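Below is model_4.pdb, which holds PDB, C-alpha atoms.
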```pdb
ATOM      1  CA  MET A 236      40.451  23.687  24.331  1.00  0.00           C
ATOM      2  CA  ARG A 237      40.784  26.756  22.155  1.00  0.00           C
ATOM      3  CA  THR A 238      38.414  27.244  19.254  1.00  0.00           C
ATOM      4  CA  ARG A 239      36.338  29.744  17.298  1.00  0.00           C
ATOM      5  CA  THR A 240      32.726  30.845  17.698  1.00  0.00           C
ATOM      6  CA  ASP A 241      31.715  29.379  14.333  1.00  0.00           C
ATOM      7  CA  VAL A 242      33.050  25.956  15.377  1.00  0.00           C
ATOM      8  CA  LEU A 243      30.936  26.012  18.548  1.00  0.00           C
ATOM      9  CA  ASP A 244      27.940  27.231  16.532  1.00  0.00           C
ATOM     10  CA  ALA A 245      28.386  24.309  14.101  1.00  0.00           C
ATOM     11  CA  ILE A 246      28.224  21.845  17.007  1.00  0.00           C
ATOM     12  CA  ARG A 247      25.098  23.540  18.373  1.00  0.00           C
ATOM     13  CA  ALA A 248      23.474  23.484  14.916  1.00  0.00           C
ATOM     14  CA  HIS A 249      24.167  19.756  14.551  1.00  0.00           C
ATOM     15  CA  GLY A 250      22.615  19.063  17.949  1.00  0.00           C
ATOM     16  CA  ALA A 251      19.504  21.054  17.073  1.00  0.00           C
ATOM     17  CA  GLU A 252      19.161  19.275  13.694  1.00  0.00           C
ATOM     18  CA  THR A 253      19.238  15.752  15.072  1.00  0.00           C
ATOM     19  CA  TYR A 254      17.002  16.526  18.076  1.00  0.00           C
ATOM     20  CA  PRO A 255      15.411  14.535  19.688  1.00  0.00           C
ATOM     21  CA  GLU A 256      18.235  12.157  18.804  1.00  0.00           C
ATOM     22  CA  GLU A 257      21.857  12.601  19.844  1.00  0.00           C
ATOM     23  CA  CYS A 258      24.304  13.990  17.307  1.00  0.00           C
ATOM     24  CA  CYS A 259      27.994  13.106  17.321  1.00  0.00           C
ATOM     25  CA  GLY A 260      31.155  14.013  15.488  1.00  0.00           C
ATOM     26  CA  PHE A 261      34.837  14.829  15.603  1.00  0.00           C
ATOM     27  CA  LEU A 262      36.822  17.840  16.744  1.00  0.00           C
ATOM     28  CA  LEU A 263      39.631  18.467  14.252  1.00  0.00           C
ATOM     29  CA  GLY A 264      42.707  20.520  14.946  1.00  0.00           C
ATOM     30  CA  ALA A 265      46.004  20.103  16.710  1.00  0.00           C
ATOM     31  CA  ALA A 266      47.141  18.921  20.106  1.00  0.00           C
ATOM     32  CA  ALA A 267      49.241  21.482  21.963  1.00  0.00           C
ATOM     33  CA  PRO A 268      50.799  21.517  25.422  1.00  0.00           C
ATOM     34  CA  GLU A 269      48.420  24.264  26.555  1.00  0.00           C
ATOM     35  CA  GLY A 270      45.369  22.361  25.266  1.00  0.00           C
ATOM     36  CA  ASN A 271      43.746  21.114  22.096  1.00  0.00           C
ATOM     37  CA  ARG A 272      43.154  23.629  19.324  1.00  0.00           C
ATOM     38  CA  VAL A 273      39.946  22.928  17.425  1.00  0.00           C
ATOM     39  CA  ALA A 274      39.748  24.434  13.942  1.00  0.00           C
ATOM     40  CA  ALA A 275      36.840  22.464  12.479  1.00  0.00           C
ATOM     41  CA  ILE A 276      34.317  19.740  13.136  1.00  0.00           C
ATOM     42  CA  ARG A 277      33.360  16.757  11.065  1.00  0.00           C
ATOM     43  CA  ARG A 278      29.924  15.292  11.550  1.00  0.00           C
ATOM     44  CA  ALA A 279      29.602  11.549  12.103  1.00  0.00           C
ATOM     45  CA  PRO A 280      26.479   9.413  11.778  1.00  0.00           C
ATOM     46  CA  ASN A 281      25.079   8.141  15.076  1.00  0.00           C
ATOM     47  CA  ARG A 282      25.290   4.407  14.270  1.00  0.00           C
ATOM     48  CA  ARG A 283      23.244   3.236  17.251  1.00  0.00           C
ATOM     49  CA  ALA A 284      20.428   1.028  15.941  1.00  0.00           C
ATOM     50  CA  HIS A 285      18.099   2.005  18.792  1.00  0.00           C
ATOM     51  CA  HIS A 286      17.700   4.602  21.546  1.00  0.00           C
ATOM     52  CA  ARG A 287      19.531   7.299  19.598  1.00  0.00           C
ATOM     53  CA  GLU A 288      17.751   9.856  21.780  1.00  0.00           C
ATOM     54  CA  ARG A 289      20.009   8.800  24.658  1.00  0.00           C
ATOM     55  CA  ARG A 290      22.941   6.881  23.157  1.00  0.00           C
ATOM     56  CA  TYR A 291      25.463   7.420  20.379  1.00  0.00           C
ATOM     57  CA  VAL A 292      28.092   5.312  18.641  1.00  0.00           C
ATOM     58  CA  ILE A 293      30.805   6.242  16.167  1.00  0.00           C
ATOM     59  CA  THR A 294      32.111   3.122  14.447  1.00  0.00           C
ATOM     60  CA  PRO A 295      35.793   2.448  13.760  1.00  0.00           C
ATOM     61  CA  PRO A 296      35.320   2.673   9.964  1.00  0.00           C
ATOM     62  CA  ASP A 297      33.785   6.130  10.418  1.00  0.00           C
ATOM     63  CA  TYR A 298      36.702   7.060  12.675  1.00  0.00           C
ATOM     64  CA  LEU A 299      39.244   5.832  10.107  1.00  0.00           C
ATOM     65  CA  ALA A 300      37.548   7.783   7.319  1.00  0.00           C
ATOM     66  CA  ALA A 301      37.508  10.948   9.428  1.00  0.00           C
ATOM     67  CA  GLU A 302      41.144  10.471  10.400  1.00  0.00           C
ATOM     68  CA  ARG A 303      42.218  10.132   6.769  1.00  0.00           C
ATOM     69  CA  GLU A 304      40.239  13.169   5.733  1.00  0.00           C
ATOM     70  CA  ALA A 305      41.653  15.189   8.620  1.00  0.00           C
ATOM     71  CA  ARG A 306      45.214  14.164   7.816  1.00  0.00           C
ATOM     72  CA  ALA A 307      44.754  15.255   4.197  1.00  0.00           C
ATOM     73  CA  ARG A 308      43.826  18.709   5.557  1.00  0.00           C
ATOM     74  CA  GLY A 309      46.799  18.780   7.903  1.00  0.00           C
ATOM     75  CA  LEU A 310      44.551  18.275  10.941  1.00  0.00           C
ATOM     76  CA  ASP A 311      44.250  15.633  13.641  1.00  0.00           C
ATOM     77  CA  ILE A 312      41.271  14.242  15.529  1.00  0.00           C
ATOM     78  CA  VAL A 313      41.666  15.915  18.920  1.00  0.00           C
ATOM     79  CA  GLY A 314      38.260  15.179  20.359  1.00  0.00           C
ATOM     80  CA  ILE A 315      34.659  14.132  20.065  1.00  0.00           C
ATOM     81  CA  TYR A 316      31.389  15.978  20.483  1.00  0.00           C
ATOM     82  CA  HIS A 317      27.871  14.771  21.112  1.00  0.00           C
ATOM     83  CA  SER A 318      24.559  16.192  22.268  1.00  0.00           C
ATOM     84  CA  HIS A 319      22.384  15.553  25.305  1.00  0.00           C
ATOM     85  CA  PRO A 320      18.761  16.014  24.225  1.00  0.00           C
ATOM     86  CA  ASP A 321      16.783  17.299  27.211  1.00  0.00           C
ATOM     87  CA  HIS A 322      19.651  16.541  29.565  1.00  0.00           C
ATOM     88  CA  PRO A 323      22.345  18.707  31.130  1.00  0.00           C
ATOM     89  CA  ALA A 324      25.690  19.229  29.354  1.00  0.00           C
ATOM     90  CA  ARG A 325      27.712  17.053  31.663  1.00  0.00           C
ATOM     91  CA  PRO A 326      29.064  13.520  31.166  1.00  0.00           C
ATOM     92  CA  SER A 327      26.642  10.704  31.959  1.00  0.00           C
ATOM     93  CA  ALA A 328      27.575   7.430  33.627  1.00  0.00           C
ATOM     94  CA  THR A 329      27.486   5.884  30.145  1.00  0.00           C
ATOM     95  CA  ASP A 330      29.882   8.536  28.855  1.00  0.00           C
ATOM     96  CA  LEU A 331      32.363   7.591  31.574  1.00  0.00           C
ATOM     97  CA  ALA A 332      31.914   3.848  31.085  1.00  0.00           C
ATOM     98  CA  GLU A 333      32.545   4.194  27.338  1.00  0.00           C
ATOM     99  CA  ALA A 334      35.343   6.771  27.558  1.00  0.00           C
ATOM    100  CA  THR A 335      38.454   6.154  25.459  1.00  0.00           C
ATOM    101  CA  PHE A 336      41.803   7.898  25.821  1.00  0.00           C
ATOM    102  CA  PRO A 337      42.739  10.719  28.211  1.00  0.00           C
ATOM    103  CA  GLY A 338      43.797  13.652  26.045  1.00  0.00           C
ATOM    104  CA  TYR A 339      40.761  13.846  23.799  1.00  0.00           C
ATOM    105  CA  THR A 340      38.497  16.820  24.372  1.00  0.00           C
ATOM    106  CA  TYR A 341      34.901  15.648  24.882  1.00  0.00           C
ATOM    107  CA  VAL A 342      32.386  18.381  24.069  1.00  0.00           C
ATOM    108  CA  ILE A 343      28.767  18.012  25.158  1.00  0.00           C
ATOM    109  CA  VAL A 344      25.970  20.327  24.038  1.00  0.00           C
ATOM    110  CA  ALA A 345      22.627  20.289  25.821  1.00  0.00           C
ATOM    111  CA  VAL A 346      19.642  20.592  23.493  1.00  0.00           C
ATOM    112  CA  ARG A 347      16.331  21.467  25.101  1.00  0.00           C
ATOM    113  CA  GLU A 348      13.128  21.224  23.068  1.00  0.00           C
ATOM    114  CA  GLY A 349      15.160  21.497  19.871  1.00  0.00           C
ATOM    115  CA  ARG A 350      17.237  24.488  20.933  1.00  0.00           C
ATOM    116  CA  ALA A 351      20.959  24.141  21.691  1.00  0.00           C
ATOM    117  CA  GLU A 352      21.812  25.558  25.089  1.00  0.00           C
ATOM    118  CA  GLU A 353      24.828  24.996  27.318  1.00  0.00           C
ATOM    119  CA  LEU A 354      28.032  23.665  25.720  1.00  0.00           C
ATOM    120  CA  THR A 355      30.785  22.218  27.897  1.00  0.00           C
ATOM    121  CA  ALA A 356      34.134  20.465  27.407  1.00  0.00           C
ATOM    122  CA  TRP A 357      35.668  17.657  29.411  1.00  0.00           C
ATOM    123  CA  THR A 358      38.752  15.508  29.535  1.00  0.00           C
ATOM    124  CA  LEU A 359      39.132  12.019  30.967  1.00  0.00           C
ATOM    125  CA  ALA A 360      41.316  11.928  34.090  1.00  0.00           C
ATOM    126  CA  PRO A 361      44.570   9.980  33.633  1.00  0.00           C
ATOM    127  CA  ASP A 362      43.294   7.252  35.993  1.00  0.00           C
ATOM    128  CA  ARG A 363      40.031   7.039  33.970  1.00  0.00           C
ATOM    129  CA  ALA A 364      37.990   7.524  37.169  1.00  0.00           C
ATOM    130  CA  ARG A 365      36.119  10.647  36.073  1.00  0.00           C
ATOM    131  CA  PHE A 366      35.799  13.421  33.541  1.00  0.00           C
ATOM    132  CA  GLU A 367      37.305  16.747  34.511  1.00  0.00           C
ATOM    133  CA  PRO A 368      35.976  20.060  33.189  1.00  0.00           C
ATOM    134  CA  GLU A 369      38.090  21.578  30.428  1.00  0.00           C
ATOM    135  CA  PRO A 370      37.995  25.336  29.873  1.00  0.00           C
ATOM    136  CA  VAL A 371      36.720  26.508  26.477  1.00  0.00           C
ATOM    137  CA  ALA A 372      38.619  29.537  25.192  1.00  0.00           C
ATOM    138  CA  VAL A 373      37.139  31.297  22.177  1.00  0.00           C
ATOM    139  CA  GLU A 374      39.689  33.030  19.977  1.00  0.00           C
ATOM    140  CA  ASP A 375      38.924  34.052  16.465  1.00  0.00           C
ATOM    141  CA  ASP A 376      42.266  33.041  14.980  1.00  0.00           C
ATOM    142  CA  VAL A 377      42.352  29.308  15.714  1.00  0.00           C
ATOM    143  CA  ASN A 378      43.190  27.791  12.336  1.00  0.00           C
ATOM    144  CA  VAL A 379      46.009  25.390  13.306  1.00  0.00           C
TER
ATOM    145  CA  MET B 173      66.841 -13.196  14.700  1.00  0.00           C
ATOM    146  CA  SER B 174      66.530 -12.617  11.002  1.00  0.00           C
ATOM    147  CA  THR B 175      68.587  -9.779   9.590  1.00  0.00           C
ATOM    148  CA  THR B 176      65.748  -8.711   7.313  1.00  0.00           C
ATOM    149  CA  GLN B 177      62.848  -7.699   9.490  1.00  0.00           C
ATOM    150  CA  THR B 178      59.516  -6.439   8.375  1.00  0.00           C
ATOM    151  CA  LEU B 179      58.918  -2.970   9.757  1.00  0.00           C
ATOM    152  CA  THR B 180      55.298  -2.038  10.204  1.00  0.00           C
ATOM    153  CA  ARG B 181      54.111   1.529  10.496  1.00  0.00           C
ATOM    154  CA  ILE B 182      51.639   1.988  13.344  1.00  0.00           C
ATOM    155  CA  HIS B 183      49.393   5.042  13.278  1.00  0.00           C
ATOM    156  CA  ILE B 184      49.028   6.500  16.772  1.00  0.00           C
ATOM    157  CA  PRO B 185      45.792   8.290  17.801  1.00  0.00           C
ATOM    158  CA  THR B 186      46.410  11.958  18.615  1.00  0.00           C
ATOM    159  CA  PRO B 187      46.141  11.814  22.440  1.00  0.00           C
ATOM    160  CA  LEU B 188      48.514   8.844  22.681  1.00  0.00           C
ATOM    161  CA  ARG B 189      51.273  10.746  20.897  1.00  0.00           C
ATOM    162  CA  ALA B 190      51.986  12.293  24.285  1.00  0.00           C
ATOM    163  CA  TYR B 191      53.654   8.931  25.012  1.00  0.00           C
ATOM    164  CA  THR B 192      55.470   8.455  21.668  1.00  0.00           C
ATOM    165  CA  ASN B 193      57.610  11.612  21.675  1.00  0.00           C
ATOM    166  CA  HIS B 194      54.811  13.160  19.598  1.00  0.00           C
ATOM    167  CA  GLU B 195      55.370  10.726  16.727  1.00  0.00           C
ATOM    168  CA  ALA B 196      52.206  10.199  14.677  1.00  0.00           C
ATOM    169  CA  THR B 197      53.502   6.958  13.203  1.00  0.00           C
ATOM    170  CA  VAL B 198      55.963   4.532  14.704  1.00  0.00           C
ATOM    171  CA  ALA B 199      57.780   1.828  12.735  1.00  0.00           C
ATOM    172  CA  VAL B 200      58.288  -1.401  14.659  1.00  0.00           C
ATOM    173  CA  ALA B 201      59.455  -4.907  13.866  1.00  0.00           C
ATOM    174  CA  GLY B 202      57.183  -7.908  14.214  1.00  0.00           C
ATOM    175  CA  ALA B 203      56.009 -10.822  12.123  1.00  0.00           C
ATOM    176  CA  THR B 204      52.513 -10.636  13.603  1.00  0.00           C
ATOM    177  CA  VAL B 205      50.197  -7.940  14.921  1.00  0.00           C
ATOM    178  CA  GLY B 206      50.801  -9.158  18.475  1.00  0.00           C
ATOM    179  CA  GLU B 207      54.579  -8.893  18.089  1.00  0.00           C
ATOM    180  CA  ALA B 208      54.326  -5.429  16.561  1.00  0.00           C
ATOM    181  CA  LEU B 209      52.121  -4.173  19.414  1.00  0.00           C
ATOM    182  CA  ALA B 210      54.398  -5.771  22.014  1.00  0.00           C
ATOM    183  CA  ASN B 211      57.389  -4.014  20.439  1.00  0.00           C
ATOM    184  CA  LEU B 212      55.474  -0.739  20.374  1.00  0.00           C
ATOM    185  CA  VAL B 213      54.699  -0.779  24.120  1.00  0.00           C
ATOM    186  CA  ALA B 214      58.210  -2.046  24.901  1.00  0.00           C
ATOM    187  CA  ARG B 215      59.578   1.056  23.201  1.00  0.00           C
ATOM    188  CA  TYR B 216      56.998   3.375  24.783  1.00  0.00           C
ATOM    189  CA  PRO B 217      56.050   1.754  28.116  1.00  0.00           C
ATOM    190  CA  GLU B 218      53.620   4.521  29.093  1.00  0.00           C
ATOM    191  CA  LEU B 219      51.417   3.524  26.171  1.00  0.00           C
ATOM    192  CA  LYS B 220      50.729   0.128  27.621  1.00  0.00           C
ATOM    193  CA  ARG B 221      48.041   0.978  30.157  1.00  0.00           C
ATOM    194  CA  HIS B 222      46.115   2.963  27.582  1.00  0.00           C
ATOM    195  CA  LEU B 223      45.982   0.087  25.097  1.00  0.00           C
ATOM    196  CA  PHE B 224      45.851  -2.974  27.360  1.00  0.00           C
ATOM    197  CA  ASP B 225      43.874  -3.814  30.493  1.00  0.00           C
ATOM    198  CA  ASP B 226      45.322  -5.310  33.672  1.00  0.00           C
ATOM    199  CA  GLU B 227      45.087  -8.810  32.161  1.00  0.00           C
ATOM    200  CA  GLY B 228      47.116  -7.761  29.156  1.00  0.00           C
ATOM    201  CA  ARG B 229      44.190  -7.824  26.743  1.00  0.00           C
ATOM    202  CA  LEU B 230      43.465  -4.984  24.360  1.00  0.00           C
ATOM    203  CA  ARG B 231      40.978  -2.649  26.038  1.00  0.00           C
ATOM    204  CA  SER B 232      37.445  -3.200  24.829  1.00  0.00           C
ATOM    205  CA  PHE B 233      37.284   0.148  23.011  1.00  0.00           C
ATOM    206  CA  VAL B 234      40.650  -0.345  21.284  1.00  0.00           C
ATOM    207  CA  ASN B 235      40.461  -1.724  17.769  1.00  0.00           C
ATOM    208  CA  VAL B 236      43.433  -2.591  15.617  1.00  0.00           C
ATOM    209  CA  TYR B 237      43.085  -2.394  11.861  1.00  0.00           C
ATOM    210  CA  VAL B 238      45.463  -3.830   9.303  1.00  0.00           C
ATOM    211  CA  ARG B 239      44.821  -3.515   5.587  1.00  0.00           C
ATOM    212  CA  ASP B 240      41.541  -1.798   6.557  1.00  0.00           C
ATOM    213  CA  GLU B 241      40.355  -4.922   8.378  1.00  0.00           C
ATOM    214  CA  ASP B 242      39.688  -5.317  12.088  1.00  0.00           C
ATOM    215  CA  ILE B 243      42.158  -7.915  13.373  1.00  0.00           C
ATOM    216  CA  ARG B 244      39.273  -9.545  15.254  1.00  0.00           C
ATOM    217  CA  TYR B 245      38.013 -10.665  11.834  1.00  0.00           C
ATOM    218  CA  LEU B 246      41.463 -11.776  10.694  1.00  0.00           C
ATOM    219  CA  GLU B 247      43.608 -13.854  13.005  1.00  0.00           C
ATOM    220  CA  GLY B 248      43.699 -11.483  15.977  1.00  0.00           C
ATOM    221  CA  ASP B 249      47.144 -11.165  17.562  1.00  0.00           C
ATOM    222  CA  ARG B 250      48.436 -13.850  15.236  1.00  0.00           C
ATOM    223  CA  THR B 251      47.538 -11.941  12.074  1.00  0.00           C
ATOM    224  CA  PRO B 252      50.710 -12.047   9.961  1.00  0.00           C
ATOM    225  CA  LEU B 253      52.264  -8.797   8.784  1.00  0.00           C
ATOM    226  CA  GLY B 254      53.840  -8.382   5.377  1.00  0.00           C
ATOM    227  CA  ALA B 255      55.878  -5.710   3.674  1.00  0.00           C
ATOM    228  CA  GLY B 256      54.020  -2.429   3.450  1.00  0.00           C
ATOM    229  CA  ASP B 257      51.301  -3.319   5.939  1.00  0.00           C
ATOM    230  CA  GLU B 258      50.229  -0.484   8.215  1.00  0.00           C
ATOM    231  CA  LEU B 259      48.435  -0.767  11.538  1.00  0.00           C
ATOM    232  CA  SER B 260      45.907   1.725  12.802  1.00  0.00           C
ATOM    233  CA  ILE B 261      44.822   1.950  16.433  1.00  0.00           C
ATOM    234  CA  VAL B 262      41.201   3.029  16.314  1.00  0.00           C
ATOM    235  CA  PRO B 263      38.954   3.754  19.302  1.00  0.00           C
ATOM    236  CA  SER B 264      35.291   2.778  19.423  1.00  0.00           C
ATOM    237  CA  ILE B 265      33.554   5.981  20.444  1.00  0.00           C
ATOM    238  CA  ALA B 266      30.267   5.757  22.296  1.00  0.00           C
ATOM    239  CA  GLY B 267      28.316   7.272  25.117  1.00  0.00           C
ATOM    240  CA  GLY B 268      24.979   8.450  26.286  1.00  0.00           C
TER
END
```
Written as structure tokens, how would this file's structure read?
Amino acid sequence: MRTRTDVLDAIRAHGAETYPEECCGFLLGAAAPEGNRVAAIRRAPNRRAHHRERRYVITPPDYLAAEREARARGLDIVGIYHSHPDHPARPSATDLAEATFPGYTYVIVAVREGRAEELTAWTLAPDRARFEPEPVAVEDDVNV
Amino acid sequence: MSTTQTLTRIHIPTPLRAYTNHEATVAVAGATVGEALANLVARYPELKRHLFDDEGRLRSFVNVYVRDEDIRYLEGDRTPLGAGDELSIVPSIAGG
């Protein structure tokens, strides 16, 4: 994916705010042949009733609302982000089991003792068998 | 076949537009949700494995909304479609 520093900082800030619970939200931008461009994020509530420190859920109504808002801004939902409180920034077995469509960028930010640390991006392999690392390119003119 | 068919606009999630010639919405015929989805994947066969499992059921994380209602709470595949109805394909996002 290609994005800006302030977008990555906004994801880190969300993860630090919800610590020790997981944060989650949408990556908004445009799909492009060379990778998703991410121009903004939109926070989503973690709708899990329990165990929000190690699980997250974004409900379809929240997705629909985000999609409508994005469309009104000329943007698309191109990915999802969430945090891993006190866990490494790589997809868990649950992340793989719950994965949706190949083509979304999945960003994970590790948050340790309330401080955001490593941030990584992943994409689901076409055969759904695993997540593959996705390079994160920071360019300060990604506005879609 | 009737000469006046209801066309339903289906909103395609961003990553699946790779299989719809980059169309964000696709208009298909169909009197029910099931017919509309069948016509969609007939037109764009590569979409099928992303929406349906090997038994031909919608994947567990794939939700279909019509008139802002989940078809599971309407009549499922048999939910009738009328003029102006739009379908949205909406993923359930979750993880750990």
Would you translate the PyMOL selection byres ((chain A and resi 341-353) around 8) into the concrete set of residues it matches in this file, as a PDB file with C-alpha atoms, keeping the file's coordinate frame?
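Saved the output as part_19.pdb:
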```pdb
ATOM      1  CA  ILE A 246      28.224  21.845  17.007  1.00  0.00           C
ATOM      2  CA  ARG A 247      25.098  23.540  18.373  1.00  0.00           C
ATOM      3  CA  ALA A 248      23.474  23.484  14.916  1.00  0.00           C
ATOM      4  CA  GLY A 250      22.615  19.063  17.949  1.00  0.00           C
ATOM      5  CA  ALA A 251      19.504  21.054  17.073  1.00  0.00           C
ATOM      6  CA  GLU A 252      19.161  19.275  13.694  1.00  0.00           C
ATOM      7  CA  TYR A 254      17.002  16.526  18.076  1.00  0.00           C
ATOM      8  CA  PRO A 255      15.411  14.535  19.688  1.00  0.00           C
ATOM      9  CA  GLY A 314      38.260  15.179  20.359  1.00  0.00           C
ATOM     10  CA  ILE A 315      34.659  14.132  20.065  1.00  0.00           C
ATOM     11  CA  TYR A 316      31.389  15.978  20.483  1.00  0.00           C
ATOM     12  CA  HIS A 317      27.871  14.771  21.112  1.00  0.00           C
ATOM     13  CA  SER A 318      24.559  16.192  22.268  1.00  0.00           C
ATOM     14  CA  HIS A 319      22.384  15.553  25.305  1.00  0.00           C
ATOM     15  CA  PRO A 320      18.761  16.014  24.225  1.00  0.00           C
ATOM     16  CA  ASP A 321      16.783  17.299  27.211  1.00  0.00           C
ATOM     17  CA  HIS A 322      19.651  16.541  29.565  1.00  0.00           C
ATOM     18  CA  PRO A 323      22.345  18.707  31.130  1.00  0.00           C
ATOM     19  CA  ALA A 324      25.690  19.229  29.354  1.00  0.00           C
ATOM     20  CA  ARG A 325      27.712  17.053  31.663  1.00  0.00           C
ATOM     21  CA  PRO A 326      29.064  13.520  31.166  1.00  0.00           C
ATOM     22  CA  TYR A 339      40.761  13.846  23.799  1.00  0.00           C
ATOM     23  CA  THR A 340      38.497  16.820  24.372  1.00  0.00           C
ATOM     24  CA  LEU A 354      28.032  23.665  25.720  1.00  0.00           C
ATOM     25  CA  THR A 355      30.785  22.218  27.897  1.00  0.00           C
ATOM     26  CA  ALA A 356      34.134  20.465  27.407  1.00  0.00           C
ATOM     27  CA  TRP A 357      35.668  17.657  29.411  1.00  0.00           C
ATOM     28  CA  THR A 358      38.752  15.508  29.535  1.00  0.00           C
TER      29      THR A 358
END
```
Point to revise | Contact residues around Pro361 of chain A with all atoms listed in the file at 10 Å, ignoring same-chain residues under 5 positions, as a list in words | key: Phe336, Pro337, Gly338, Phe366 and Glu367 of chain A; His222 of chain B
Point to revise | Test item: chain B residues at most 9 Å from chain A, counting all atoms listed in the file, as a VMD selection string | key: chain B and resid 185 to 188 190 222 to 223 233 to 235 237 240 242 260 262 to 268
Check your understanding: For the file shown, what are the residues hit by the PyMOL selection byres ((chain B and resi 215) around 12), laid out as a VMD selection string?
Key -> chain B and resid 191 to 193 198 to 201 208 to 214 216 to 220
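In this structure, atom CA of Ala372 of chain A sits 24.1 Å away from atom CA of Arg306 of chain A.
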**Study point:** Length of the atom CA of Asp225 of chain B to atom CA of Arg272 of chain A vector [Å]
**Key:**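 Computed distance, atom CA of Asp225 of chain B to atom CA of Arg272 of chain A, equals 29.6 Å.
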Exercise for review: Go through A:His249, A:His285, A:Arg277, A:Arg239 and flag the residue nearest Phe261 of chain A, using all atoms listed in the file for the distances.
Suggested key: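 Ranked by minimum distance to Phe261 of chain A, first place goes to A:Arg277.
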When the PyMOL selection byres ((chain B and resi 251-255) around 7) is applied to the structure above, which residues does it catch, written out as a PDB file with C-alpha atoms, in the frame of the given file?
```pdb
ATOM      1  CA  THR B 178      59.516  -6.439   8.375  1.00  0.00           C
ATOM      2  CA  ALA B 203      56.009 -10.822  12.123  1.00  0.00           C
ATOM      3  CA  THR B 204      52.513 -10.636  13.603  1.00  0.00           C
ATOM      4  CA  VAL B 205      50.197  -7.940  14.921  1.00  0.00           C
ATOM      5  CA  ILE B 243      42.158  -7.915  13.373  1.00  0.00           C
ATOM      6  CA  LEU B 246      41.463 -11.776  10.694  1.00  0.00           C
ATOM      7  CA  GLU B 247      43.608 -13.854  13.005  1.00  0.00           C
ATOM      8  CA  GLY B 248      43.699 -11.483  15.977  1.00  0.00           C
ATOM      9  CA  ASP B 249      47.144 -11.165  17.562  1.00  0.00           C
ATOM     10  CA  ARG B 250      48.436 -13.850  15.236  1.00  0.00           C
ATOM     11  CA  GLY B 256      54.020  -2.429   3.450  1.00  0.00           C
ATOM     12  CA  ASP B 257      51.301  -3.319   5.939  1.00  0.00           C
TER      13      ASP B 257
END
```
Review point. Expressed in Å to a single decimal, how great is the separation between atom CA of Arg303 of chain A and atom CA of Asp375 of chain A?
Key: 26.0 Å
Point to revise | Residue with smallest distance to Gly228 of chain B - pool B:Ala196, B:Gly206, B:Ile261, B:Arg181, counting all atoms listed in the file | key: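 Using all atoms listed in the file, Gly228 of chain B sits closest to B:Gly206.
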Point to revise | Non-local contacts of Asp241 of chain A (12 Å; all atoms listed in the file; under 4 positions in same chain excluded) as a PyMOL selection string | key: chain A and resi 245-248+273-276+373-378
